[in-house]
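Inspection log for the structure reproduced underneath, given as structure tokens.
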Amino acid sequence: MLKSSGAMAAATLTSRVLGMVREMVYARFMGVGWVTDAFILAFQIPNLFRRLLGEGALTAAFIPIFKEKEKIHGEKEMWRAANAVISGLIVAATVVIALVMLGITLALDAHHFPEKTELMLQLLRVMFPYMLLVCVAAAMMGMLNARGHFFIPAMGATMLNVVMIASVLWLAPQFGMGLPKEQRLPVQIFALAYGVLAAGVAQAAFQIPTLWKDGFRYRWVSPWRDETVHKVIVKMIPGTIGVAAFQINVTVVQLLSFWVGNGIVSSFGYSVRLMELPQGMFGISLATYLLPTLSGLAAEKNYSEFRTTLRHGLSTLIFLNMIASALLVTLAEPIIRLLFEYGKFDAAATHAASLALVCLAPGLVAFSTVNILARAFYALGDTQTPMKISIFSLGMNLVLAVALVYPFKQGGLGMANTVTSICNVALLVFALRKKLGKLEMESVRTATLLLLGLGIVAGAIAFFGWKLWEEKLGHGTLALKIGAVFVPAIVAGVIYWLAALALKIPAATEIFEFAVGRLRRGRS
């Protein structure tokens, strides 16, 4: 598990670090304001399909069926089924894109919207075809995962980020050159929208050579009455809601806050990007590995090993994300200052984004745990239960967001998402225990309580270390900004790890032994 998910985590780390560089470039280019709000919300809508399909529902529905075709009917039928699914995705996505773009065009022609809303709709019209590209890329990712390739699909997002960074640094300066400097941003922002489309092409194309090498050749297969397509749709629709509650929550609250005030969407968006670094590295990587593994165990009715594998996955996730959560909460301000406070992103923007991160980061462990628990249900062939739980959680999130966004702005959105995700995890655990009869999670529960205590202590050490650094040295230079984040974070992280080893937390011991073993083999 550590080897397979570790390789994917390395690729995901590369992608997420580049994603963070992209956000840094974005922040310097457009800061926080109504133009940024319009772009982030417009991008969030088609990007939601990437989150749902690439990191969730399509792969969760498709991989078990794809593996079944390979084992029972052979590779020829497996590739035919894959072509049927891709053909169906192309047809469905094309119809949806055409309807949405027509609807936006008619709305813009028929009604005069406020400037911010009009810009958002115009940007959405440009970027929405990205949905088709991401659907195809997600299907390819699912096929590669099912064939045992985890690194290449995870690296696909790296290409996406490279192209999007280039759109800011190279393409944006070509837009609005004849306008006064203060009027350029609403025009230059369209360069980023075109960059999203180019990035979608790059992400899909990056995966084709590996698939070609494995024997895949795309051919049109009518999806209308295809059994595989029908099965994928039946599993995917509830799975879309079940596995991606966090992303749906983020989109819902950003839509809500778009009209509440300027800067809320962008401030909350930057905090979400920071959350996605550890969530993607650990939560998504482990969940992607666990789905085909748990599916195989469920097919063999080996429920003892199913529970053991699930327990190991959850233990590893909680151990790694607990310290990440503690550091994001206590070092929110210096982290955001280091990464984003340049150009148009000023000290006030740092304060606003820090508030959102402090309120959102406590839910990191819960956000990631939802991904793993939902996949446990999918491996058992149950897509309905996580869907029902997520619908309830989405309703709760909406109520909390409405209640909290007005008094606490972006902080209220973070609180709503955190509380909702914790409730989502509790309900999933309860339902999974009923389904399996028993979970045998006593060791996970005990370790979680110990790690929570260690996380609080480590967070306090990091917080007071940062305050001492500010008092003695400040943050006047780039080197001091780096030190304000990494010195207290490293000290707190080392203490957390050593304390976990001393307390014999299984995940800490297993990861340590795995790392030492790989190091020794590397030297030999």
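Letters A, B, ... mark the chains of the structure tokens in the order given; residue numbers begin at 1 per chain; ligand numbers begin at 1, in order shown.
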* To do: Extract the full set of helix (DSSP H, G or I) residues from region 158-406 of chain A according to DSSP on the backbone, and format it as a PyMOL selection string.
  => chain A and resi 158-174+181-183+185-214+227-243+245-257+264-299+303-330+332-340+347-379+384-406
* To do: Find the residues near Lys438 (chain A): any atom within 12 Å, counting only C-alpha atoms, skip ones fewer than 6 places away on the same chain, and give them as a ChimeraX atom specification.
  => /A:303-304,306-308,429-432
* To do: Choose the residue, out of A:Leu428, A:Met387, A:Leu290, A:Val260, that has the smallest atom-to-atom separation from Phe408 (chain A); count only C-alpha atoms.
  =>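 Closest candidate: A:Val260.
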* To do: Would you mind telling me which residue in A:Leu48, A:Val402, A:Val35, A:Val221 lies nearest to Trp79 (chain A) when using only C-alpha atoms?
  =>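 Between A:Leu48, A:Val402, A:Val35, A:Val221, the residue approaching Trp79 (chain A) most closely is A:Val221.
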* To do: Determine the nearest neighbour of Glu115 (chain A) from the options A:Ala38, A:Glu341, A:Gly156, A:Asn47, counting only C-alpha atoms.
  =>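 Looking at the shortest contact to Glu115 (chain A), the residue is A:Ala38.
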Rows by chain and residue number, region 490-514 of chain A within 8 Å of region 317-328 of chain A, shortest pair, only C-alpha atoms, as a Markdown table:
| residue | atom | partner | partner_atom | distance |
| --- | --- | --- | --- | --- |
| A:Gly493 | CA | A:Ile323 | CA | 6.9 |
| A:Tyr496 | CA | A:Ile323 | CA | 7.3 |
| A:Ala507 | CA | A:Phe319 | CA | 6.5 |
| A:Ala508 | CA | A:Phe319 | CA | 7.0 |
* Residues at most 8 Å from Gln279 (chain A), counting only C-alpha atoms, excluding those fewer than 6 positions away in the same chain, as a list of chain:residue names? ->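 These residues fall inside the cut-off: A:Asn321, A:Leu364, A:Phe367, A:Ser368.
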